[in-house]
>>> print(open('coords_6.pdb').read())   # PDB, C-alpha atoms
ATOM      1  CA  MET A  84     -89.729 216.381 -74.161
ATOM      2  CA  ASP A  85     -91.091 214.938 -70.914
ATOM      3  CA  LEU A  86     -88.523 212.944 -68.933
ATOM      4  CA  ALA A  87     -89.298 210.198 -66.461
ATOM      5  CA  LYS A  88     -87.623 207.572 -64.301
ATOM      6  CA  ALA A  89     -87.010 204.047 -65.520
ATOM      7  CA  LEU A  90     -90.495 202.693 -64.704
ATOM      8  CA  ASP A  91     -92.357 205.592 -66.332
ATOM      9  CA  PHE A  92     -92.471 206.827 -69.918
ATOM     10  CA  THR A  93     -90.116 209.377 -71.422
ATOM     11  CA  SER A  94     -91.929 211.118 -74.269
ATOM     12  CA  PHE A  95     -90.730 213.073 -77.290
ATOM     13  CA  ALA A  96     -92.643 215.482 -79.518
ATOM     14  CA  VAL A  97     -91.432 217.248 -82.673
ATOM     15  CA  ILE A  98     -93.335 220.459 -83.281
ATOM     16  CA  GLU A  99     -92.885 222.858 -86.186
ATOM     17  CA  MET A 100     -93.783 226.496 -85.540
ATOM     18  CA  VAL A 101     -94.577 228.459 -88.718
ATOM     19  CA  TYR A 102     -96.188 231.781 -89.534
ATOM     20  CA  ASP A 103     -99.521 231.558 -91.360
ATOM     21  CA  GLY A 104    -100.064 234.654 -93.473
ATOM     22  CA  ILE A 105    -103.789 233.958 -93.888
ATOM     23  CA  LYS A 106    -104.422 233.608 -90.152
ATOM     24  CA  GLY A 107    -101.938 236.367 -89.353
ATOM     25  CA  ASP A 108    -100.445 234.310 -86.536
ATOM     26  CA  PHE A 109     -98.171 231.390 -85.774
ATOM     27  CA  MET A 110     -99.295 227.798 -86.197
ATOM     28  CA  TYR A 111     -97.946 224.699 -84.449
ATOM     29  CA  HIS A 112     -97.759 221.415 -86.373
ATOM     30  CA  LEU A 113     -97.081 218.201 -84.447
ATOM     31  CA  ARG A 114     -94.773 216.271 -86.791
ATOM     32  CA  GLY A 115     -93.585 213.462 -84.524
ATOM     33  CA  LEU A 116     -94.630 211.850 -81.257
ATOM     34  CA  ASP A 117     -93.269 208.840 -79.399
ATOM     35  CA  ARG A 118     -92.487 207.504 -75.932
ATOM     36  CA  ILE A 119     -90.095 204.950 -74.487
ATOM     37  CA  ARG A 120     -89.682 203.124 -71.178
ATOM     38  CA  GLY A 121     -86.989 201.027 -69.553
ATOM     39  CA  VAL A 122     -84.132 202.847 -71.313
ATOM     40  CA  ASP A 123     -81.029 203.926 -69.416
ATOM     41  CA  TYR A 124     -80.128 207.597 -69.103
ATOM     42  CA  PRO A 125     -77.043 207.589 -71.394
ATOM     43  CA  THR A 126     -79.226 206.092 -74.128
ATOM     44  CA  ILE A 127     -81.810 208.839 -73.606
ATOM     45  CA  VAL A 128     -79.082 211.465 -74.008
ATOM     46  CA  LYS A 129     -77.869 209.777 -77.218
ATOM     47  CA  LEU A 130     -81.433 209.662 -78.579
ATOM     48  CA  ILE A 131     -81.817 213.385 -77.921
ATOM     49  CA  VAL A 132     -78.478 214.247 -79.542
ATOM     50  CA  ASP A 133     -79.283 212.093 -82.607
ATOM     51  CA  ALA A 134     -82.734 213.671 -82.939
ATOM     52  CA  ILE A 135     -81.230 217.171 -82.858
ATOM     53  CA  LYS A 136     -78.696 216.212 -85.546
ATOM     54  CA  ASN A 137     -81.399 214.675 -87.747
ATOM     55  CA  LEU A 138     -83.679 217.708 -87.457
ATOM     56  CA  ASP A 139     -80.749 220.039 -88.033
ATOM     57  CA  SER A 140     -79.935 218.229 -91.273
ATOM     58  CA  LEU A 141     -83.478 218.898 -92.518
ATOM     59  CA  ASN A 142     -82.971 222.649 -92.171
ATOM     60  CA  LYS A 143     -80.937 222.861 -95.397
ATOM     61  CA  TRP A 144     -81.710 226.470 -96.256
ATOM     62  CA  PRO A 145     -81.564 228.460 -93.007
ATOM     63  CA  ASN A 146     -82.452 232.145 -93.357
ATOM     64  CA  GLU A 147     -83.724 235.017 -91.259
ATOM     65  CA  PHE A 148     -87.046 233.218 -90.884
ATOM     66  CA  SER A 149     -85.732 229.917 -89.529
ATOM     67  CA  ASP A 150     -83.384 228.626 -86.865
ATOM     68  CA  GLY A 151     -83.095 225.758 -84.446
ATOM     69  CA  PRO A 152     -83.999 223.047 -83.859
ATOM     70  CA  HIS A 153     -84.413 223.934 -80.211
ATOM     71  CA  LEU A 154     -84.880 221.551 -77.301
ATOM     72  CA  CYS A 155     -87.662 222.286 -74.823
ATOM     73  CA  MET A 156     -87.406 219.772 -72.005
ATOM     74  CA  ASP A 157     -88.752 218.925 -68.587
ATOM     75  CA  ALA A 158     -85.948 219.932 -66.205
ATOM     76  CA  SER A 159     -87.714 218.683 -63.074
ATOM     77  CA  GLY A 160     -86.196 215.710 -61.238
ATOM     78  CA  LEU A 161     -84.402 213.539 -63.808
ATOM     79  CA  GLY A 162     -84.282 216.467 -66.217
ATOM     80  CA  ALA A 163     -81.636 218.309 -64.186
ATOM     81  CA  PRO A 164     -78.783 215.787 -64.774
ATOM     82  CA  ILE A 165     -79.933 215.170 -68.356
ATOM     83  CA  LYS A 166     -79.623 218.927 -68.957
ATOM     84  CA  ASP A 167     -76.041 218.803 -67.641
ATOM     85  CA  TYR A 168     -75.165 215.817 -69.851
ATOM     86  CA  LEU A 169     -76.524 217.608 -72.929
ATOM     87  CA  LYS A 170     -74.440 220.663 -72.150
ATOM     88  CA  GLN A 171     -71.321 218.503 -71.770
ATOM     89  CA  ALA A 172     -72.078 216.862 -75.112
ATOM     90  CA  HIS A 173     -72.385 220.313 -76.753
ATOM     91  CA  ALA A 174     -75.634 219.086 -78.274
ATOM     92  CA  LEU A 175     -76.963 222.584 -78.887
ATOM     93  CA  THR A 176     -74.605 225.029 -80.549
ATOM     94  CA  GLY A 177     -74.958 228.108 -82.737
ATOM     95  CA  PRO A 178     -78.619 229.144 -83.119
ATOM     96  CA  LYS A 179     -79.879 225.982 -81.394
ATOM     97  CA  LYS A 180     -81.025 226.644 -77.821
ATOM     98  CA  LEU A 181     -81.965 224.612 -74.751
ATOM     99  CA  TYR A 182     -85.126 225.627 -72.893
ATOM    100  CA  PRO A 183     -85.352 223.718 -69.587
ATOM    101  CA  VAL A 184     -88.782 223.926 -67.964
ATOM    102  CA  VAL A 185     -89.563 223.150 -64.324
ATOM    103  CA  PHE A 186     -93.186 222.473 -63.383
ATOM    104  CA  THR A 187     -94.426 224.685 -60.551
ATOM    105  CA  GLY A 188     -97.662 225.223 -58.675
ATOM    106  CA  GLY A 189    -100.094 228.074 -59.116
ATOM    107  CA  GLU A 190    -100.641 229.714 -62.482
ATOM    108  CA  ARG A 191     -97.432 231.643 -63.028
ATOM    109  CA  ALA A 192     -94.441 231.551 -65.344
ATOM    110  CA  ARG A 193     -91.039 233.113 -64.806
ATOM    111  CA  PHE A 194     -87.447 232.739 -65.913
ATOM    112  CA  ASP A 195     -84.888 231.991 -63.186
ATOM    113  CA  PRO A 196     -81.616 233.777 -64.124
ATOM    114  CA  ASP A 197     -79.625 231.661 -61.651
ATOM    115  CA  THR A 198     -80.637 228.185 -62.829
ATOM    116  CA  LYS A 199     -81.537 229.301 -66.390
ATOM    117  CA  ASN A 200     -84.775 227.346 -65.969
ATOM    118  CA  TYR A 201     -88.245 228.435 -67.022
ATOM    119  CA  ASN A 202     -90.509 227.860 -64.027
ATOM    120  CA  ILE A 203     -94.013 227.347 -65.397
ATOM    121  CA  SER A 204     -97.116 225.953 -63.752
ATOM    122  CA  LYS A 205     -98.595 222.831 -65.313
ATOM    123  CA  MET A 206    -102.018 224.430 -65.214
ATOM    124  CA  LEU A 207    -100.775 227.356 -67.300
ATOM    125  CA  MET A 208     -99.267 225.007 -69.877
ATOM    126  CA  ILE A 209    -102.482 222.980 -70.137
ATOM    127  CA  SER A 210    -104.538 226.169 -70.501
ATOM    128  CA  ASN A 211    -102.218 227.337 -73.284
ATOM    129  CA  PHE A 212    -102.566 223.962 -75.043
ATOM    130  CA  LEU A 213    -106.369 224.117 -74.889
ATOM    131  CA  SER A 214    -106.386 227.713 -76.116
ATOM    132  CA  LEU A 215    -104.252 226.852 -79.133
ATOM    133  CA  MET A 216    -106.571 223.968 -80.030
ATOM    134  CA  GLN A 217    -109.687 226.123 -79.618
ATOM    135  CA  HIS A 218    -108.225 228.817 -81.874
ATOM    136  CA  LYS A 219    -107.171 226.161 -84.419
ATOM    137  CA  ARG A 220    -103.503 227.079 -84.105
ATOM    138  CA  PHE A 221    -102.389 223.529 -83.275
ATOM    139  CA  ASP A 222    -102.744 220.475 -85.476
ATOM    140  CA  TYR A 223    -101.059 217.126 -86.002
ATOM    141  CA  ALA A 224    -100.209 214.651 -88.711
ATOM    142  CA  PRO A 225    -103.095 212.132 -88.900
ATOM    143  CA  ASP A 226    -100.722 209.190 -89.428
ATOM    144  CA  LEU A 227     -98.856 209.519 -86.106
ATOM    145  CA  GLN A 228     -98.650 206.047 -84.553
ATOM    146  CA  ALA A 229     -98.877 207.479 -81.020
ATOM    147  CA  LEU A 230    -102.000 209.512 -81.832
ATOM    148  CA  PRO A 231    -104.441 207.008 -80.197
ATOM    149  CA  LEU A 232    -102.340 207.154 -77.004
ATOM    150  CA  LEU A 233    -102.459 210.971 -77.055
ATOM    151  CA  GLU A 234    -106.231 210.946 -77.538
ATOM    152  CA  GLN A 235    -106.533 208.516 -74.628
ATOM    153  CA  GLU A 236    -104.462 210.816 -72.409
ATOM    154  CA  ILE A 237    -106.579 213.833 -73.344
ATOM    155  CA  ALA A 238    -109.784 211.910 -72.619
ATOM    156  CA  SER A 239    -108.542 210.823 -69.173
ATOM    157  CA  PHE A 240    -107.252 214.251 -68.126
ATOM    158  CA  LYS A 241    -109.045 215.611 -65.061
ATOM    159  CA  TYR A 242    -109.275 218.951 -63.293
ATOM    160  CA  HIS A 243    -109.360 218.972 -59.502
ATOM    161  CA  LEU A 244    -108.813 221.222 -56.516
ATOM    162  CA  THR A 245    -105.674 220.977 -54.396
ATOM    163  CA  PRO A 246    -105.917 221.069 -50.563
ATOM    164  CA  GLY A 247    -104.855 224.716 -50.869
ATOM    165  CA  GLY A 248    -107.863 225.500 -53.056
ATOM    166  CA  ARG A 249    -106.017 225.807 -56.369
ATOM    167  CA  THR A 250    -107.255 224.235 -59.592
ATOM    168  CA  THR A 251    -104.853 221.805 -61.218
ATOM    169  CA  ALA A 252    -104.985 219.159 -63.931
ATOM    170  CA  ASP A 253    -103.525 215.656 -63.987
ATOM    171  CA  ALA A 254    -104.067 212.275 -65.532
ATOM    172  CA  ALA A 255    -106.718 210.113 -63.910
ATOM    173  CA  THR A 256    -105.475 207.466 -61.479
ATOM    174  CA  GLY A 257    -103.622 204.736 -63.359
ATOM    175  CA  GLN A 258    -103.359 206.823 -66.539
ATOM    176  CA  HIS A 259    -100.468 208.777 -68.075
ATOM    177  CA  ASP A 260    -100.015 212.377 -69.220
ATOM    178  CA  ASP A 261     -96.433 212.223 -70.519
ATOM    179  CA  LEU A 262     -97.378 212.764 -74.177
ATOM    180  CA  ILE A 263     -99.468 215.806 -73.261
ATOM    181  CA  SER A 264     -96.571 217.222 -71.238
ATOM    182  CA  ALA A 265     -94.104 216.630 -74.084
ATOM    183  CA  ILE A 266     -96.370 218.696 -76.337
ATOM    184  CA  CYS A 267     -97.304 221.390 -73.831
ATOM    185  CA  ILE A 268     -93.714 222.344 -72.956
ATOM    186  CA  PRO A 269     -92.618 223.481 -76.450
ATOM    187  CA  LEU A 270     -96.003 225.080 -77.125
ATOM    188  CA  MET A 271     -95.563 227.242 -74.038
ATOM    189  CA  ILE A 272     -91.998 228.214 -74.960
ATOM    190  CA  GLY A 273     -93.128 228.940 -78.520
ATOM    191  CA  GLU A 274     -95.802 231.367 -77.340
ATOM    192  CA  TRP A 275     -93.581 232.940 -74.702
ATOM    193  CA  LYS A 276     -90.280 233.265 -76.565
ATOM    194  CA  PHE A 277     -90.927 233.069 -80.297
ATOM    195  CA  ARG A 278     -94.454 234.097 -81.194
ATOM    196  CA  ARG A 279     -93.349 237.572 -82.239
ATOM    197  CA  GLY A 280     -89.918 236.390 -83.405
ATOM    198  CA  LYS A 281     -88.593 234.014 -86.008
ATOM    199  CA  VAL A 282     -90.119 230.832 -87.347
ATOM    200  CA  VAL A 283     -88.651 228.009 -85.278
ATOM    201  CA  PRO A 284     -88.825 224.200 -85.519
ATOM    202  CA  ILE A 285     -89.013 223.052 -81.906
ATOM    203  CA  ILE A 286     -88.259 219.603 -80.492
TER
END
>>> encode(input="coords_6.pdb", output="C-alpha cells")
Amino acid sequence: MDLAKALDFTSFAVIEMVYDGIKGDFMYHLRGLDRIRGVDYPTIVKLIVDAIKNLDSLNKWPNEFSDGPHLCMDASGLGAPIKDYLKQAHALTGPKKLYPVVFTGGERARFDPDTKNYNISKMLMISNFLSLMQHKRFDYAPDLQALPLLEQEIASFKYHLTPGGRTTADAATGQHDDLISAICIPLMIGEWKFRRGKVVPII
C-alpha cells in the first residue's frame, strides 16, 4: 500500500505469493489494484481494516503453508500516523503482521529495531520489481480495472542521476508512480522475509 496526502493518490495492491513446484520458486500474482484520492485518514484506516478482514475470511483452511494476510505499507510521512492508528485498532493479530517500509536513498535495505521499520531504497524496490518480471515470477489478472493506469505509470517511469551522482527512478513530471510503489513494497518484503518461508497472501 502506498499512502499519500489528500491531493495525491493512495494506492492498494493485493498480491498472492505462492510456491510453484514446476519453477521451483515463489510466484507473485497481482489479484487486486486500486487507488483513491480525497479521502480522509480515518476512512483510509477503515478501508485497510475492512480489506484485512475480507482477505482473512478467504483463508478458510489455514495450514503450515499459509498465513496472513499481511500488510506491507509505506510508512514514510503520512504512513507513520496511519501505522499507529492500525496498531490501536488491533487490525493485525495472530499470524497477521505489519511490515512498514520507509523509502531511503542509495541502494540499501535494513531493518530498524527501534522504529520497527524496514528502510529500503526506492531504487532497490524498482530493481526487484523488474527482476521478478524478467524472470516471469510476477503476473497479474488481465481484468484488473486499474491495469491501464499501471501500464501508463510503467511507461512514464524514468531513470535519472541525483546531484550526488546516484541513479534513481521516479515518475516523469506530471505523472504518478503510486500504483508501482503499492506493488513494489510487498514484492520486496516477500523476497526479503518470505521467499524461503511459508506461502503468504500479502496486501
>>> resolve_selection(input="coords_6.pdb", expression="the PyMOL selection byres ((chain A and resi 135) around 9)", output="JSON, numbers by chain")
{"A": [130, 131, 132, 133, 134, 136, 137, 138, 139, 140, 151, 152, 153, 154, 174, 175, 286]}
>>> atom_distance(input="coords_6.pdb", atom1="CA of Tyr168 (chain A)", atom2="CA of Val184 (chain A)")
16.0 Å
>>> atom_distance(input="coords_6.pdb", atom1="CA of Phe109 (chain A)", atom2="CA of Lys170 (chain A)")
29.4 Å
>>> residues_around(input="coords_6.pdb", residues="region 198-201 of chain A", least_positions_apart="4", cutoff="8 Å", atoms="all atoms listed in the file", output="ChimeraX atom specification")
/A:158,182-185,192-194
>>> closest_residue(input="coords_6.pdb", among="A:Ser210, A:Ser94, A:Thr187, A:Gln235", to="Cys155 (chain A)", atoms="only C-alpha atoms")
A:Ser94
>>> residues_around(input="coords_6.pdb", residues="Gln228 (chain A)", least_positions_apart="5", cutoff="12 Å", atoms="all atoms listed in the file", output="VMD selection string")
chain A and resid 114 to 118 223 233 to 234
>>> closest_residue(input="coords_6.pdb", among="A:Thr176, A:Glu190, A:Ile266, A:Asp167", to="Phe95 (chain A)", atoms="all atoms listed in the file")
A:Ile266
>>> closest_residue(input="coords_6.pdb", among="A:Leu213, A:Ile203, A:Ser159, A:Leu227", to="Trp275 (chain A)", atoms="all atoms listed in the file")
A:Ile203
>>> closest_residue(input="coords_6.pdb", among="A:Pro225, A:Val122, A:Met100, A:Asp157", to="Lys205 (chain A)", atoms="only C-alpha atoms")
A:Asp157
>>> closest_residue(input="coords_6.pdb", among="A:Val101, A:Leu207, A:Ile165, A:Ala96", to="Ile263 (chain A)", atoms="only C-alpha atoms")
A:Ala96
>>> axis_aligned_box(input="coords_6.pdb", around="region 171-181 of chain A", padding_each_side="5 Å", output="JSON")
{"center_x": -76.6, "center_y": 223.0, "center_z": -77.4, "size_x": 20.6, "size_y": 22.3, "size_z": 21.3}
>>> atom_distance(input="coords_6.pdb", atom1="CA of Thr126 (chain A)", atom2="CA of Lys166 (chain A)")
13.8 Å
>>> closest_residue(input="coords_6.pdb", among="A:Ala172, A:Leu262, A:Met110, A:Leu270", to="Leu230 (chain A)", atoms="all atoms listed in the file")
A:Leu262
